[in-house]
Amino acid sequence: MDRRRFLKFAAGGAAGATLAASVPYLEPMLRKPQLKTERREVPTTCEMCVNKCSIIAVVEDGVIHKLNPNPESPRSRGMVCARGNAGLQQVYDPARLKRPLLRAGARGEGKWKPVSWDEAFDFAAEKLKAVKEKCGPQGTLWSSTESFQETFFKSLGLALGSPNVERHPTLCLASVNLAYSLTFGTVPSFDLLNARYIIMSGANRLESFIMPDTVDLVGSTTERKARLIYLDPRFTVTAAKADEWYPIRPHTDLAFILAMLNVIVGENRYDKEFVATYCSGFDKLAEHVKTYTPEWAETETEIPAKDIIRIAREFADAAPRALYYAGRRSSWYRDDFPMRRAQAILNAVIGNWDRQGGMVPNAKIALGEYMFLPWDDPTAPRVDEMDKNFPLAAKGDGAYLKMRENILEGKPYPVKAWMIHKQDPMNALPEQAKTLRMIEQMDFIGVIDVQMSDMAWYADVVFPESTYLERQDPVEVLAGILPVVVYRQAVIPPLHDTKPTLEIVQGLAKRLGLSQYFDYTIDQWIDAQVKELPLDTPLEYLKHHGVYASPDGPKYGTTLKPDHRFVTQSGKIDLYSDRLREAGYDALPVYQTPMQPPAGRFRLILGRKAYFTQANTTNNPWLNTFAPENVLWIHPASARSVGVEDGDRVEVRSSVGSITVKARVTQEIRPDCVFTMHGYGKRSKWQSRVAGAGASDAEIIETAWDQVSGGGAFHETFVKVRKV
């Protein structure tokens with residue numbers, strides 16, 4: 001139901017007919033006499049994005065009417081966004097998956113046969129066993145994204161004997177996680193609420209929500225008057241709210257940071273006591289940054305040297321309540337890792353570690369564990385050859401793009417079965433044509449999801465998962481400055497013939513001879529988890545409140561003790577990293593001037609809107625009304641150079657493909673860049689609102705990855721634009 005229809009309903013008139021036509025699941029209720037209703041408020045946890053905000057579902061006569069924020073959560077701060085409000089549409093959308101399906105035609109043809117769960121399990125298990133017999137267990141690939149039941153899916157692949165588990169951080173967080181871990185021994189949180197000076201490179205926090213950072217950024221800049229410096233080739237909502245916005249030349253953020261270090265170190269503005277006590281390698285850093293002057297950085301970044309000098313001085317003067325924010329999606333360029341390392345080093349030298357308004361090591365709350373029967377570790381090497389290609393990166397997450405390259409080449413061994421849990425590699429991976437070729441090579445593809453994603457559209461069997469409002473999940477700890485335990489309980493019973501992931505895994509495990517590793521219920525799993533909580537009746541508490549937060553407030557300075565040992569090679573904060581040097585990488589961040597678009601081409605950059613989670617929610621009936629298709633942002637001077645006017649349809653072509661979208665001619669982007677939003681141009685006809693609406697950026701993004709972390713590099717593509 002769009003906003004106008006909603007207002008029409010609220011104002012009266014043909015209310016019943018209008019609402020029933022817009023929201024079919026309410027029709028039976030509207031036909032009933034208006035008697036006293038049974039009303040319940042059920043605390044649970046949102047799953048519309050990675051934030052896991054605490055919500056309260058309002059249920060009347062078995063129908064979810066509203067999803068409200070849970071004011072008890074210090075993480076979501078009593079807020080729920082548009083996606084959270086629209087979550088009930090995941091339950092009631094007629095296009096959702098309702099029963100197991102077997103492919104009845106060619107892959108991608110869209111012909112499906114509804115089957116029983118036994119038929120779906122039998123079919124998938126036979127295919128997996130056939131691949132295991134032919135190729136070994138390493139011939140199966142298990143791709144997953146973040147969810148509370150992801151652990152069960154990953155465990156099934158490992159129990160089968162496959163080392164090939166590929167997770168979403170390799171397309172998102174990999175370079176940030178590795179850079180900060182190698183510097184501090186952990187990935188900290190950023191105390192935006194108490195900061196007084198904030199610098200952000202492309203972290204569009206007011207359109208790409210991360211809680212509590214998004215809410216805290218608003219609080220720090222509006223209520224507490226923190227200064228916000230924002231660097232981005234595009235004028236985003238965050239740029240509009242910043243004190244200063246610099247349309248930095250893409251791929252040059254590292255030059256800006258190194259020049260800041262040049263000023264802060266050269267002018268002795270760093271925290272001398274902190275560096276001497278807690279850091280290693282400062283002398284080498286000081287020598288290293290001497291050549292990276294603000295005047296040099298001006299030629300690289302197009303930010304005036306005088307502004308770089310002033311910002312560096314203001315940043316140091318505001319310490320320790322100053323921070324260079326890391327951001328979340330760091331899949332930009334081939335050298336993302338050194339840029340993130342430079343951020344970490346800059347934060348360290350001003351002494352903002354473990355201090356209010358700076359970076360804070362994450363606090364946690366201990367949970368118990370269910371003691372299940374362990375399986376033998378896989379014996380085969382990973383197909384993405386992490387030890388050889390990315391020796392310092394997270395082995396459990398893998399390197400998605402290198403994995404695809406190796407599978408296409410059939411090395412180091414063939415992979416012929418692909419299981420996917422709630423992920424859409426068709427849109428998540430660049431160069432969609434390569435993903436299609438990988439699909440063609442598979443003997444079997446199975447997908448677990450709540451909707452017919454593009455990946456499900458090409459599957460052999462689709463297992464429908466119950467939505468997050470219809471199932472009970474394991475308890476989860478959200479670490480941070482204020483850690484919380486969140487609980488997801490079923491708000492209503494499943495409306496259709498769907499199952500939670502654990503039951504899907506158990507159904508497959510039974511047929512694969514692996515039941516002994518999954519011989520427990522979700523209740524037993526949760527009971528073991530909550531026993532460690534300092535509550536008399538922890539599960540009853542969570543059912544009633546939905547969230548548990550430690551009664552202690554934020555703790556600062558817990559690591560600021562001379563005898564504290566950081567989880568790094570030196571035991572201190574590694575400004576200079578021997579571990580990097582020993583692995584064959586630069587021990588300090590080294591800048592390489594990036595290639596710029598040749599004449600007649602533009603760098604393609606990507607981004608998000610607050611309504612959408614990657615390619616996951618663009619088909620949501622409510623959210624889609626805000627942006628029914630994506631467009632191409634292009635600067636007026638660039639548009640004139642290619643004969644394009646606002647609203648024209650344009651072809652955008654790279655070396656790997658082309659798409660057609662409408663042009664949005666705007667001064668809100670640099671002339672050497674174009675921008676489009678992710679998540680459109682779906683192939684799945686069941687996602688009718690975005691099937692063929694706009695275009696998929698995955699069709700034109702070229703394959704590239706960060707050289708140290710293996711994370712995707714999605715801003716390395718140059719495109720041509722022409723009117724069609």
# chains A, B, ... in the order shown; residues from 1 in each chain; ligands from 1

call {"tool": "select_by_dssp", "arguments": {"residues": "segment 255-360 of chain A", "states": "alpha helix (DSSP H)", "output": "count of residues only"}}
result
62

call {"tool": "residues_around", "arguments": {"residues": "Gly410 of chain A", "least_positions_apart": "3", "cutoff": "12 Å", "atoms": "only C-alpha atoms", "output": "list in words"}}
result
Cys135, Gly139, Val383, Asp384, Met403, Arg404, Glu405, Asn406, Ile407, Tyr413, Pro414, Val415, Lys416, Met438, Gln441 and Met442 of chain A

call {"tool": "residues_around", "arguments": {"residues": "Asp354 of chain A", "least_positions_apart": "3", "cutoff": "7 Å", "atoms": "only C-alpha atoms", "output": "PyMOL selection string"}}
result
chain A and resi 358-361+556-557+559

call {"tool": "closest_residue", "arguments": {"among": "A:Cys53, A:Arg224, A:Phe148, A:Asp307", "to": "Ile210 of chain A", "atoms": "only C-alpha atoms"}}
result
A:Cys53

call {"tool": "residues_around", "arguments": {"residues": "segment 515-526 of chain A", "least_positions_apart": "5", "cutoff": "10 Å", "atoms": "only C-alpha atoms", "output": "count of residues only"}}
result
31

call {"tool": "closest_residue", "arguments": {"among": "A:Glu470, A:Asp697, A:Asp335, A:Glu465", "to": "Val176 of chain A", "atoms": "only C-alpha atoms"}}
result
A:Asp335

call {"tool": "residues_around", "arguments": {"residues": "Arg653 of chain A", "least_positions_apart": "6", "cutoff": "8 Å", "atoms": "only C-alpha atoms", "output": "PyMOL selection string"}}
result
chain A and resi 659+700+719-721

call {"tool": "write_last_selection", "arguments": {"atoms": "C-alpha atoms", "output": "tab-separated table (two decimals), in the first residue's frame"}}
result
chain	number	residue	atom	x	y	z
A	659	ILE	CA	22.84	-1.71	-19.11
A	700	ILE	CA	28.78	-4.01	-15.81
A	719	VAL	CA	32.21	3.09	-18.34
A	720	LYS	CA	31.05	4.82	-21.50
A	721	VAL	CA	27.68	6.57	-21.54

call {"tool": "closest_residue", "arguments": {"among": "A:Gly396, A:Gly679, A:Pro320, A:Pro464", "to": "Ser116 of chain A", "atoms": "only C-alpha atoms"}}
result
A:Pro464
